[in-house]
Every structure is written in C-alpha cells, then in structure tokens.
Amino acid sequence: MSLVLIPPEVSEPAEALWSACVQRLALELPAQQFNTWIRPLAAQVSQTADSVTLLLPSRFKLDCIRTQYAARIAAALQAVAGRPVALELVLASRPSARATLGKPAPARATPADAAADALGHDAEAWTMEPASSPVAASAATAKRVEPLHRLNSGLTFATLVEGTANRMARAAAMHVAHHPGQLYNPLFIYGGVGLGKTHLMHAIGNQLLAGRSAAKVLYVHAEQFVTDVVKSYQRKTFDEFKARYHSLDLLLIDDVQFFANKERTQEEFFNAFEALLAKKSHIVMTSDTYPKGLADIHERLVSRFDAGLTVAIEPPELEMRVAILISKAEAEAAALPEDVAFFVAKNVRSNVRELEGALRKILAYSRFNHKEISIALAREALRDLLSIQNRQISVENIQKTVADFYKIKVADMYSRKRPANIARPRQIAMFLAKELTQKSLPEIGELFGGRDHTTVLHAVRKIAAERQTLSELNQQLHVLEQTLKG
Ligand SMILES: Nc1ncnc2c1ncn2[C@@H]1O[C@H](COP(=O)(O)OP(=O)(O)OP(=O)(O)O)[C@@H](O)[C@H]1O
C-alpha cells in the first residue's frame with residue numbers, strides 16, 4: 001500500500017481521496033506498472049482535499065512520474081473527487097526544491113531536464129493545476145469540469161475520431177444525444193482502459209445540451225455516486241439525493257463495475273434507474289466489461305443494464321490510431337507527418353491514452369531540440385516506451401513458463417484435458433495472462449484452445465480469491481510473476 005502522509009488534523013475525505021485514487025489506478029494500470037510506479041508513491045493531501053503533493057525520492061523518479069503518469073494520476077484524482085485536484089511533484093530528499101517553482105530555471109544538464117523546460121516545468125518540483133497547466137496539455141484541458149453537469153466541453157463527437165472499433169458505439173451514442181429517452185435505453189458501453197468510453201459519454205451530454213440547453217444532464221463517475229450515497233446516508237439527506245438524481249433528463253454514469261459489493265449503492269442506483277426510465281429519461285453507463293461479466297452486482301441490476309443496448313468499444317485498428325494521432329497533433333497546432341504517425345501507431349497499440357502520451361513526448365522532444373518531427377526523432381523520443389514494448393509479456397510466454405514450472409506439457413494449456421494437475425496450472429496461466437497482458441477475456445480464451453471467456457473469467461476470479469488465503473499458491477504466483485517480468 002502506498003505511504004500516505006496525512007497530518008493528524010487532515011479530514012477523512014482528504015485521506016480517502018488518495019487511497020481511492022490509488023485503488024482506481026490499480027484497476028486501470030497493468031499490475032506491473034502499478035506496482036513499480038504507483039504503489040510506492042508517498043502522498044500528502046491538503047486539508048481541504050483540493051491538492052495532492054507527491055514526494056519523489058529521486059529526480060529520475062520525478063521525471064518518470066511527471067512524463068508517464070502525472071496526467072493519469074490527475075485524471076484519477078479528479079474522477080474520484082468529482083472536481084479538479086491540483087497535483088504537485090516534489091523531490092522528497094531536497095525540501096528546498098519546491099522553492100524553485102516560479103523562479104528562473106537553473107541550467108539544465110540532461111535532455112530530460114531540458115525537455116522539462118520545453119514543457120514548461122521544473123524537473124525538481126512540478127505542479128499541475130487543475131485544467132490550467134500548460135503541461136500534458138490535452139489531458140489537462142480534457143479534464144476541465146463545469147460545475148453542474150460536470151461535463152468536459154472539449155470531449156465532443158467532433159473531437160472523437162471514428163473507426164471500426166467505435167463505429168457502433170458512436171452511432172448509438174449519437175442517436176441517444178439526438179433522441180434521448182427513446183431507443184437504446186439504457187445504453188451500456190463497455191471496453192478496455194483508455195479506449196474512449198468516457199469521451200463518448202461526455203460527447204452525448206454536450207450534444208444534448210447544444211440542442212437543449214435547459215436539459216438536466218449529469219456526468220458522474222460511479223465512485224462519486226457511491227460517495228453521494230454514503231453522504232446521504234450519514235447525513236440522512238436521501239430526499240435531496242433523490243431530488244437530484246431522479247429529476248435528470250440524462251444520467252451519464254462511468255465505470256459501473258465500481259458498484260461491486262456496494263449493497264446500499266446498488267439499491268439506490270436501482271431506485272434511480274427505475275425512476276429515470278419511468279419518466280423516459282435516458283441512462284448511459286460505461287464499464288470495463290459487458291453486463292453479465294460484472295462481478296458482485298445484483299442480478300436485477302445486471303439484467304436491467306442489458307435491457308437497452310449494449311455496445312463494445314474495441315482497441316483501435318492501425319488506421320484509426322493513425323487518424324487519432326494526426327487529429328490530436330492538429331489540435332496542438334503541430335504537423336505530424338503521416339509516416340511518423342504510422343510509425344507511432346504501429347508501435348503503440350494498447351490504447352488511445354498511451355497514444356496521446358507518445359504524441360506529447362514527440363512534440364516536446366521536437367520543440368526542445370528545434371527539430372522537425374521525423375521517424376528518427378520519434379524513435380529517440382519514445383526510446384523508453386519502445387524498449388518496454390519489446391519486453392512485453394506474451395500469453396505464449398506465460399503458458400510456457402507456467403507449464404515448465406508445474407512440469408506439464410505446453411500443449412496441455414490448449415488441450416481439453418481436465419485432470420486437476422493440468423486444469424489448475426492452466427487456470428493459473430489464465431490468471432497471469434489477464435494480470436500481465438492487455439488481452440481481453442475472449443482473446444485469452446482463444447489462446448487457450450478456443451475456450452469461452454466465461455471459463456477464463458472463472459479461472460481469474462478463482463485464482464485471485466485463493467491467492468488471498470493460500471500462502472503456498474501466493475508464493476508460487478510470486479515466483480512466476482518475477483520470472484515473467486525478468
Ligand atoms: N476515438 C477517439 N478519438 C479521439 N480521442 C480519443 C478517442 N478514443 C479515446 N480518445 C482519447 O483518449 C483518452 C482516453 O479516453 P477515455 O478517458 O474516454 O477512455 P476510457 O475508455 O473512459 O478509459 P478508462 O476506462 O480508463 O476510464 C481521452 O483523452 C480521449 O479523449
């Protein structure tokens with residue numbers, strides 16, 4: 001668990017803010033990245049919970065967090081707080097570093113420092129004011145939130161690139177935005193991390209408001225909904241809660257998988273859901289999985305989630321990734337040659353958020369070096385990222401490592417055999433494939449001899465649960481994870 005330095009007088013919400021942020025990141029990031037970069041972070045949360053300071057032990061770590069994760073952490077903080085939260089990074093070992101903010105920048109020794117200058121930051125202390133920092137520009141502006149409906153006006157259909165991966169979801173979303181309360185109610189959008197689910201939701205809200213400015217629209221992250229339920233419960237203000245949620249014309253609720261195991265929240269959401277549908281208001285939800293794949297959510301809710309239209313957003317295909325890069329570069333008033341866009345798109349395949357990060361690095365690198373953007377420059381700017389990609393763990397590698405460890409044949413990973421000495425290592429390999437790769441459940445099932453995604457889901461849940469209680473299994477998993485991560 002991360003070290004959270006909370007002064008005694010700091011209020012409970014302040015304390016909860018960072019741990020909720022960490023929990024969110026644990027779900028969003030691959031375990032390897034989370035354990036390496038996020039878990040060890042030491043954070044100080046302001047008393048009013050409107051700013052978070054991360055204390056980094058070295059300049060290297062500060063640079064890495066700033067370039068790779070700061071925008072993401074800021075977004076997670078905002079999502080859990082339901083409002084912008086300032087993020088500051090300081091070198092813990094050099095308390096005076098914070099004082100350098102706002103002063104003339106010292107001479108820079110390394111390209112990282114200079115690139116930091118190009119971005120407008122100090123490498124020793126760095127602040128990301130909510131939606132005001134010039135840094136991580138698209139992430140920061142993308143996260144601006146307006147008070148009532150909490151919509152980000154920058155996330156529209158116009159800024160969402162269309163491709164095969166999101167065509168159906170986009171068409172359904174467009175329909176809802178123009179004819180709310182009619183077809184596809186509720187609209188349930190699911191897909192992996194950073195594929196544009198939140199963007200699409202905001203686009204629906206913005207589009208509806210563009211035509212009907214008086215419409216009551218609310219975008220809310222599921223965790224915020226949970227917080228609202230808890231507050232209403234503590235303060236006995238359920239009437240206010242109901243007045244707020246049940247009167248909406250459009251409720252956009254992000255990441256409903258966070259309702260898992262939260263009984264009271266599920267009950268209140270059920271009530272809100274029924275009330276909104278009864279008055280022909282529209283509900284749009286997102287999740288990391290399709291309704292029946294949701295764990296620990298009541299069947300009566302799951303069946304309602306599935307009662308309108310359920311659409312997936314897939315990872316973007318190559319041409320779509322290229323189009324996204326070019327459109328994001330244009331938004332930054334930068335010209336990205338097509339061959340460079342193809343080079344980046346071929347190498348950054350996981351999700352759009354990572355594509356945005358890669359683009360930001362290239363633009364900063366080009367500005368700092370006063371060089372035209374070329375493939376050579378992109379290769380240089382993305383050196384670290386590309387080497388990580390090359391070391392990425394494959395499902396085949398996992399299957400071989402697990403088979404060797406438990407002394408079974410690799411072919412048994414795909415076979416239909418079911419004796420325990422084979423079935424169990426196979427389940428362990430499925431669990432590791434979900435944990436250590438970006439593959440979806442159906443993709444993993446396919447790689448294990450064409451098994452159904454529910455078989456994979458069952459294995460993942462079973463091994464994750466048993467790991468908590470069986471120390472021998474936990475130890476074996478630990479060894480396997482270390483072997484695979486090299
Ligand atoms: N098709 C697209 N065109 C343009 N930008 C996109 C597209 N898809 C995603 N993005 C951008 O990628 C970033 C991540 O998208 P978003 O936050 O909507 O993902 P998400 O699916 O909600 O992820 P998470 O599950 O992590 O919340 C955002 O900045 C978004 O604007």
# chains A, B, ... in the order shown; residues from 1 in each chain; ligands from 1
>>> closest_atom_pairs(of="chain A", to="ligand 1", cutoff="7 Å", atoms="only C-alpha atoms and all ligand atoms", output="Markdown table")
| residue | atom | partner | partner_atom_place_in_ligand_line | distance |
| --- | --- | --- | --- | --- |
| A:Glu28 | CA | ligand 1 | 26 (O) | 5.7 |
| A:Ser138 | CA | ligand 1 | 29 (O) | 6.8 |
| A:Ala139 | CA | ligand 1 | 29 (O) | 5.9 |
| A:Ala142 | CA | ligand 1 | 29 (O) | 6.2 |
| A:Leu155 | CA | ligand 1 | 31 (O) | 6.2 |
| A:Thr159 | CA | ligand 1 | 4 (C) | 5.7 |
| A:Leu160 | CA | ligand 1 | 3 (N) | 3.6 |
| A:Val161 | CA | ligand 1 | 3 (N) | 3.7 |
| A:Glu162 | CA | ligand 1 | 1 (N) | 5.6 |
| A:Asn166 | CA | ligand 1 | 1 (N) | 6.9 |
| A:Gly191 | CA | ligand 1 | 21 (O) | 6.5 |
| A:Gly192 | CA | ligand 1 | 25 (O) | 5.9 |
| A:Val193 | CA | ligand 1 | 25 (O) | 3.8 |
| A:Gly194 | CA | ligand 1 | 23 (O) | 3.4 |
| A:Leu195 | CA | ligand 1 | 21 (O) | 3.9 |
| A:Gly196 | CA | ligand 1 | 18 (O) | 3.1 |
| A:Lys197 | CA | ligand 1 | 21 (O) | 3.8 |
| A:Thr198 | CA | ligand 1 | 18 (O) | 3.5 |
| A:His199 | CA | ligand 1 | 18 (O) | 3.7 |
| A:Leu200 | CA | ligand 1 | 18 (O) | 6.5 |
| A:Asp255 | CA | ligand 1 | 25 (O) | 7.0 |
| A:Asp288 | CA | ligand 1 | 25 (O) | 6.3 |
| A:Ile324 | CA | ligand 1 | 3 (N) | 5.4 |
| A:Val352 | CA | ligand 1 | 12 (O) | 4.5 |
| A:Arg353 | CA | ligand 1 | 13 (C) | 4.4 |
| A:Glu356 | CA | ligand 1 | 12 (O) | 6.8 |
>>> write_last_selection(atoms="N, CA and C atoms", output="PDB file, in the first residue's frame")
ATOM      1  N   GLU A  28      -6.860   0.439 -13.293  1.00  0.00           N
ATOM      2  CA  GLU A  28      -6.633   0.937 -14.656  1.00  0.00           C
ATOM      3  C   GLU A  28      -5.327   0.447 -15.259  1.00  0.00           C
ATOM      4  N   SER A 138      -3.324  18.106 -23.496  1.00  0.00           N
ATOM      5  CA  SER A 138      -4.654  17.597 -23.792  1.00  0.00           C
ATOM      6  C   SER A 138      -5.275  16.979 -22.576  1.00  0.00           C
ATOM      7  N   ALA A 139      -4.464  16.285 -21.751  1.00  0.00           N
ATOM      8  CA  ALA A 139      -5.054  15.672 -20.561  1.00  0.00           C
ATOM      9  C   ALA A 139      -5.615  16.737 -19.647  1.00  0.00           C
ATOM     10  N   ALA A 142      -8.508  18.350 -21.248  1.00  0.00           N
ATOM     11  CA  ALA A 142      -9.566  17.358 -21.385  1.00  0.00           C
ATOM     12  C   ALA A 142     -10.301  17.137 -20.081  1.00  0.00           C
ATOM     13  N   LEU A 155     -14.753  17.342 -24.837  1.00  0.00           N
ATOM     14  CA  LEU A 155     -14.970  15.950 -25.263  1.00  0.00           C
ATOM     15  C   LEU A 155     -16.283  15.872 -26.041  1.00  0.00           C
ATOM     16  N   THR A 159     -14.469  15.868 -31.718  1.00  0.00           N
ATOM     17  CA  THR A 159     -13.072  15.547 -31.393  1.00  0.00           C
ATOM     18  C   THR A 159     -12.855  14.040 -31.228  1.00  0.00           C
ATOM     19  N   LEU A 160     -13.904  13.274 -31.424  1.00  0.00           N
ATOM     20  CA  LEU A 160     -13.775  11.812 -31.315  1.00  0.00           C
ATOM     21  C   LEU A 160     -13.590  11.213 -32.706  1.00  0.00           C
ATOM     22  N   VAL A 161     -12.451  10.613 -32.933  1.00  0.00           N
ATOM     23  CA  VAL A 161     -12.196  10.030 -34.258  1.00  0.00           C
ATOM     24  C   VAL A 161     -12.995   8.737 -34.384  1.00  0.00           C
ATOM     25  N   GLU A 162     -13.621   8.574 -35.540  1.00  0.00           N
ATOM     26  CA  GLU A 162     -14.451   7.389 -35.750  1.00  0.00           C
ATOM     27  C   GLU A 162     -13.657   6.311 -36.470  1.00  0.00           C
ATOM     28  N   ASN A 166     -15.051   1.847 -32.859  1.00  0.00           N
ATOM     29  CA  ASN A 166     -16.067   2.543 -32.051  1.00  0.00           C
ATOM     30  C   ASN A 166     -17.302   2.939 -32.862  1.00  0.00           C
ATOM     31  N   GLY A 191     -15.637  -1.619 -22.600  1.00  0.00           N
ATOM     32  CA  GLY A 191     -14.371  -1.791 -23.315  1.00  0.00           C
ATOM     33  C   GLY A 191     -13.210  -1.586 -22.366  1.00  0.00           C
ATOM     34  N   GLY A 192     -12.008  -1.798 -22.886  1.00  0.00           N
ATOM     35  CA  GLY A 192     -10.802  -1.713 -22.050  1.00  0.00           C
ATOM     36  C   GLY A 192     -10.445  -0.284 -21.685  1.00  0.00           C
ATOM     37  N   VAL A 193      -9.367  -0.183 -20.951  1.00  0.00           N
ATOM     38  CA  VAL A 193      -8.879   1.110 -20.448  1.00  0.00           C
ATOM     39  C   VAL A 193      -8.482   2.035 -21.598  1.00  0.00           C
ATOM     40  N   GLY A 194      -8.852   3.315 -21.459  1.00  0.00           N
ATOM     41  CA  GLY A 194      -8.354   4.349 -22.373  1.00  0.00           C
ATOM     42  C   GLY A 194      -8.820   4.232 -23.811  1.00  0.00           C
ATOM     43  N   LEU A 195     -10.014   3.659 -24.025  1.00  0.00           N
ATOM     44  CA  LEU A 195     -10.478   3.476 -25.405  1.00  0.00           C
ATOM     45  C   LEU A 195     -11.524   4.501 -25.822  1.00  0.00           C
ATOM     46  N   GLY A 196     -11.868   5.432 -24.920  1.00  0.00           N
ATOM     47  CA  GLY A 196     -12.778   6.499 -25.325  1.00  0.00           C
ATOM     48  C   GLY A 196     -14.195   6.374 -24.795  1.00  0.00           C
ATOM     49  N   LYS A 197     -14.403   5.543 -23.777  1.00  0.00           N
ATOM     50  CA  LYS A 197     -15.768   5.393 -23.232  1.00  0.00           C
ATOM     51  C   LYS A 197     -16.209   6.708 -22.574  1.00  0.00           C
ATOM     52  N   THR A 198     -15.321   7.251 -21.748  1.00  0.00           N
ATOM     53  CA  THR A 198     -15.671   8.495 -21.054  1.00  0.00           C
ATOM     54  C   THR A 198     -15.874   9.621 -22.069  1.00  0.00           C
ATOM     55  N   HIS A 199     -15.004   9.658 -23.066  1.00  0.00           N
ATOM     56  CA  HIS A 199     -15.111  10.679 -24.103  1.00  0.00           C
ATOM     57  C   HIS A 199     -16.505  10.620 -24.759  1.00  0.00           C
ATOM     58  N   LEU A 200     -16.917   9.411 -25.089  1.00  0.00           N
ATOM     59  CA  LEU A 200     -18.200   9.237 -25.774  1.00  0.00           C
ATOM     60  C   LEU A 200     -19.361   9.707 -24.889  1.00  0.00           C
ATOM     61  N   ASP A 255     -18.020   3.768 -15.421  1.00  0.00           N
ATOM     62  CA  ASP A 255     -17.343   2.694 -14.678  1.00  0.00           C
ATOM     63  C   ASP A 255     -18.235   2.040 -13.623  1.00  0.00           C
ATOM     64  N   ASP A 288     -15.920  -1.745 -17.659  1.00  0.00           N
ATOM     65  CA  ASP A 288     -14.793  -2.418 -18.311  1.00  0.00           C
ATOM     66  C   ASP A 288     -15.194  -3.785 -18.854  1.00  0.00           C
ATOM     67  N   ILE A 324      -6.187   9.179 -35.233  1.00  0.00           N
ATOM     68  CA  ILE A 324      -6.263   9.821 -33.908  1.00  0.00           C
ATOM     69  C   ILE A 324      -5.007  10.656 -33.679  1.00  0.00           C
ATOM     70  N   VAL A 352      -5.787   4.493 -26.545  1.00  0.00           N
ATOM     71  CA  VAL A 352      -5.651   5.862 -27.050  1.00  0.00           C
ATOM     72  C   VAL A 352      -4.906   6.752 -26.047  1.00  0.00           C
ATOM     73  N   ARG A 353      -5.099   6.485 -24.762  1.00  0.00           N
ATOM     74  CA  ARG A 353      -4.408   7.298 -23.759  1.00  0.00           C
ATOM     75  C   ARG A 353      -2.899   7.168 -23.933  1.00  0.00           C
ATOM     76  N   GLU A 356      -1.799   9.173 -26.892  1.00  0.00           N
ATOM     77  CA  GLU A 356      -1.702  10.598 -26.558  1.00  0.00           C
ATOM     78  C   GLU A 356      -0.387  10.889 -25.838  1.00  0.00           C
TER      79      GLU A 356
END
>>> select_by_dssp(residues="stretch 222-414 of chain A", states="strand (DSSP E or B)", output="number ranges by chain")
A: 250-254, 282-287, 309-313
>>> write_last_selection(atoms="N, CA and C atoms", output="PDB file, in the first residue's frame")
ATOM      1  N   LEU A 250     -30.860  13.197 -18.392  1.00  0.00           N
ATOM      2  CA  LEU A 250     -29.816  12.290 -18.889  1.00  0.00           C
ATOM      3  C   LEU A 250     -28.809  12.054 -17.774  1.00  0.00           C
ATOM      4  N   LEU A 251     -28.661  10.796 -17.416  1.00  0.00           N
ATOM      5  CA  LEU A 251     -27.645  10.435 -16.414  1.00  0.00           C
ATOM      6  C   LEU A 251     -26.540   9.653 -17.120  1.00  0.00           C
ATOM      7  N   LEU A 252     -25.326  10.173 -17.006  1.00  0.00           N
ATOM      8  CA  LEU A 252     -24.162   9.517 -17.622  1.00  0.00           C
ATOM      9  C   LEU A 252     -23.314   8.983 -16.475  1.00  0.00           C
ATOM     10  N   ILE A 253     -23.230   7.692 -16.366  1.00  0.00           N
ATOM     11  CA  ILE A 253     -22.524   7.150 -15.195  1.00  0.00           C
ATOM     12  C   ILE A 253     -21.380   6.217 -15.641  1.00  0.00           C
ATOM     13  N   ASP A 254     -20.184   6.600 -15.214  1.00  0.00           N
ATOM     14  CA  ASP A 254     -18.953   5.991 -15.738  1.00  0.00           C
ATOM     15  C   ASP A 254     -18.457   4.880 -14.815  1.00  0.00           C
ATOM     16  N   HIS A 282     -32.953   9.383 -20.035  1.00  0.00           N
ATOM     17  CA  HIS A 282     -32.017   8.403 -20.588  1.00  0.00           C
ATOM     18  C   HIS A 282     -30.866   8.115 -19.621  1.00  0.00           C
ATOM     19  N   ILE A 283     -30.420   6.866 -19.644  1.00  0.00           N
ATOM     20  CA  ILE A 283     -29.284   6.480 -18.803  1.00  0.00           C
ATOM     21  C   ILE A 283     -28.208   5.894 -19.718  1.00  0.00           C
ATOM     22  N   VAL A 284     -26.988   6.394 -19.551  1.00  0.00           N
ATOM     23  CA  VAL A 284     -25.855   5.833 -20.296  1.00  0.00           C
ATOM     24  C   VAL A 284     -24.830   5.396 -19.270  1.00  0.00           C
ATOM     25  N   MET A 285     -24.340   4.169 -19.454  1.00  0.00           N
ATOM     26  CA  MET A 285     -23.364   3.643 -18.495  1.00  0.00           C
ATOM     27  C   MET A 285     -22.128   3.157 -19.234  1.00  0.00           C
ATOM     28  N   THR A 286     -20.992   3.178 -18.549  1.00  0.00           N
ATOM     29  CA  THR A 286     -19.815   2.510 -19.103  1.00  0.00           C
ATOM     30  C   THR A 286     -19.291   1.528 -18.074  1.00  0.00           C
ATOM     31  N   SER A 287     -18.519   0.591 -18.580  1.00  0.00           N
ATOM     32  CA  SER A 287     -17.933  -0.414 -17.697  1.00  0.00           C
ATOM     33  C   SER A 287     -16.749  -1.051 -18.425  1.00  0.00           C
ATOM     34  N   LEU A 309     -29.408  -1.216 -25.001  1.00  0.00           N
ATOM     35  CA  LEU A 309     -28.417  -1.634 -25.996  1.00  0.00           C
ATOM     36  C   LEU A 309     -27.052  -1.705 -25.328  1.00  0.00           C
ATOM     37  N   THR A 310     -26.364  -2.810 -25.553  1.00  0.00           N
ATOM     38  CA  THR A 310     -25.007  -2.975 -25.024  1.00  0.00           C
ATOM     39  C   THR A 310     -24.047  -2.961 -26.203  1.00  0.00           C
ATOM     40  N   VAL A 311     -23.096  -2.035 -26.173  1.00  0.00           N
ATOM     41  CA  VAL A 311     -22.131  -1.958 -27.288  1.00  0.00           C
ATOM     42  C   VAL A 311     -20.707  -1.932 -26.743  1.00  0.00           C
ATOM     43  N   ALA A 312     -19.815  -2.519 -27.534  1.00  0.00           N
ATOM     44  CA  ALA A 312     -18.404  -2.554 -27.116  1.00  0.00           C
ATOM     45  C   ALA A 312     -17.612  -1.497 -27.869  1.00  0.00           C
ATOM     46  N   ILE A 313     -16.561  -1.005 -27.210  1.00  0.00           N
ATOM     47  CA  ILE A 313     -15.550  -0.230 -27.934  1.00  0.00           C
ATOM     48  C   ILE A 313     -14.302  -1.100 -27.933  1.00  0.00           C
TER      49      ILE A 313
END
>>> select_by_dssp(residues="stretch 171-350 of chain A", states="alpha helix (DSSP H)", output="number ranges by chain")
A: 171-178, 197-211, 222-235, 238-245, 263-278, 299-305, 318-331, 338-347
>>> write_last_selection(atoms="C-alpha atoms", output="mmCIF file, in the first residue's frame")
data_model
loop_
_atom_site.group_PDB
_atom_site.id
_atom_site.type_symbol
_atom_site.label_atom_id
_atom_site.label_comp_id
_atom_site.auth_asym_id
_atom_site.auth_seq_id
_atom_site.Cartn_x
_atom_site.Cartn_y
_atom_site.Cartn_z
ATOM 1 C CA ALA A 171 -23.733 5.713 -33.774
ATOM 2 C CA ALA A 172 -25.778 4.609 -30.758
ATOM 3 C CA ALA A 173 -24.401 7.486 -28.685
ATOM 4 C CA MET A 174 -25.263 9.965 -31.426
ATOM 5 C CA HIS A 175 -28.791 8.594 -31.562
ATOM 6 C CA VAL A 176 -29.208 8.972 -27.802
ATOM 7 C CA ALA A 177 -27.861 12.529 -27.912
ATOM 8 C CA HIS A 178 -30.459 13.494 -30.534
ATOM 9 C CA LYS A 197 -15.768 5.393 -23.232
ATOM 10 C CA THR A 198 -15.671 8.495 -21.054
ATOM 11 C CA HIS A 199 -15.111 10.679 -24.103
ATOM 12 C CA LEU A 200 -18.200 9.237 -25.774
ATOM 13 C CA MET A 201 -20.316 9.842 -22.673
ATOM 14 C CA HIS A 202 -19.297 13.475 -22.461
ATOM 15 C CA ALA A 203 -19.966 13.805 -26.180
ATOM 16 C CA ILE A 204 -23.561 12.651 -25.651
ATOM 17 C CA GLY A 205 -24.071 15.157 -22.840
ATOM 18 C CA ASN A 206 -22.502 18.033 -24.757
ATOM 19 C CA GLN A 207 -24.502 17.253 -27.882
ATOM 20 C CA LEU A 208 -27.778 17.106 -25.991
ATOM 21 C CA LEU A 209 -27.062 20.405 -24.250
ATOM 22 C CA ALA A 210 -26.115 22.029 -27.559
ATOM 23 C CA GLY A 211 -29.681 21.441 -28.745
ATOM 24 C CA ALA A 222 -19.579 5.535 -10.252
ATOM 25 C CA GLU A 223 -17.294 6.216 -7.293
ATOM 26 C CA GLN A 224 -18.791 9.680 -6.933
ATOM 27 C CA PHE A 225 -22.231 8.110 -6.908
ATOM 28 C CA VAL A 226 -21.069 5.796 -4.122
ATOM 29 C CA THR A 227 -19.763 8.809 -2.193
ATOM 30 C CA ASP A 228 -23.069 10.626 -2.673
ATOM 31 C CA VAL A 229 -24.956 7.615 -1.320
ATOM 32 C CA VAL A 230 -22.669 7.376 1.695
ATOM 33 C CA LYS A 231 -23.020 11.108 2.428
ATOM 34 C CA SER A 232 -26.793 10.979 2.130
ATOM 35 C CA TYR A 233 -26.844 8.001 4.424
ATOM 36 C CA GLN A 234 -24.672 9.685 7.041
ATOM 37 C CA ARG A 235 -26.486 12.999 6.858
ATOM 38 C CA PHE A 238 -31.852 10.935 0.894
ATOM 39 C CA ASP A 239 -34.623 13.291 -0.167
ATOM 40 C CA GLU A 240 -32.047 15.683 -1.584
ATOM 41 C CA PHE A 241 -30.216 12.803 -3.190
ATOM 42 C CA LYS A 242 -33.401 11.616 -4.860
ATOM 43 C CA ALA A 243 -34.401 15.114 -5.908
ATOM 44 C CA ARG A 244 -31.039 15.442 -7.600
ATOM 45 C CA TYR A 245 -30.721 12.085 -9.334
ATOM 46 C CA GLU A 263 -25.226 -3.102 -1.491
ATOM 47 C CA ARG A 264 -26.720 0.206 -0.483
ATOM 48 C CA THR A 265 -25.335 1.934 -3.558
ATOM 49 C CA GLN A 266 -26.784 -0.740 -5.801
ATOM 50 C CA GLU A 267 -30.159 -0.310 -4.143
ATOM 51 C CA GLU A 268 -30.096 3.458 -4.623
ATOM 52 C CA PHE A 269 -28.911 3.086 -8.189
ATOM 53 C CA PHE A 270 -31.719 0.635 -8.836
ATOM 54 C CA ASN A 271 -34.230 3.180 -7.486
ATOM 55 C CA ALA A 272 -32.738 5.987 -9.561
ATOM 56 C CA PHE A 273 -32.683 3.733 -12.605
ATOM 57 C CA GLU A 274 -36.356 2.807 -12.279
ATOM 58 C CA ALA A 275 -37.384 6.404 -11.597
ATOM 59 C CA LEU A 276 -35.478 7.730 -14.615
ATOM 60 C CA LEU A 277 -36.740 5.082 -17.021
ATOM 61 C CA ALA A 278 -40.308 5.627 -15.807
ATOM 62 C CA GLU A 299 -28.807 -9.852 -10.995
ATOM 63 C CA ARG A 300 -31.797 -7.483 -11.084
ATOM 64 C CA LEU A 301 -29.429 -4.615 -11.949
ATOM 65 C CA VAL A 302 -27.379 -6.645 -14.422
ATOM 66 C CA SER A 303 -30.498 -7.681 -16.317
ATOM 67 C CA ARG A 304 -31.629 -4.050 -16.441
ATOM 68 C CA PHE A 305 -28.218 -2.915 -17.699
ATOM 69 C CA LEU A 318 -3.932 0.771 -37.147
ATOM 70 C CA GLU A 319 -5.572 3.289 -39.491
ATOM 71 C CA MET A 320 -7.730 4.627 -36.679
ATOM 72 C CA ARG A 321 -4.692 5.029 -34.446
ATOM 73 C CA VAL A 322 -3.016 6.998 -37.227
ATOM 74 C CA ALA A 323 -6.100 9.189 -37.658
ATOM 75 C CA ILE A 324 -6.263 9.821 -33.908
ATOM 76 C CA LEU A 325 -2.595 10.831 -33.791
ATOM 77 C CA ILE A 326 -2.972 13.208 -36.702
ATOM 78 C CA SER A 327 -6.110 14.758 -35.258
ATOM 79 C CA LYS A 328 -4.534 15.179 -31.789
ATOM 80 C CA ALA A 329 -1.434 16.747 -33.348
ATOM 81 C CA GLU A 330 -3.622 19.179 -35.300
ATOM 82 C CA ALA A 331 -5.391 20.114 -32.082
ATOM 83 C CA GLU A 338 1.963 10.570 -41.954
ATOM 84 C CA ASP A 339 4.970 8.241 -41.919
ATOM 85 C CA VAL A 340 5.687 9.244 -38.312
ATOM 86 C CA ALA A 341 2.039 8.738 -37.378
ATOM 87 C CA PHE A 342 2.226 5.235 -38.880
ATOM 88 C CA PHE A 343 5.467 4.523 -37.042
ATOM 89 C CA VAL A 344 3.947 5.540 -33.696
ATOM 90 C CA ALA A 345 0.654 3.782 -34.378
ATOM 91 C CA LYS A 346 2.448 0.551 -35.241
ATOM 92 C CA ASN A 347 4.409 0.657 -32.022
#
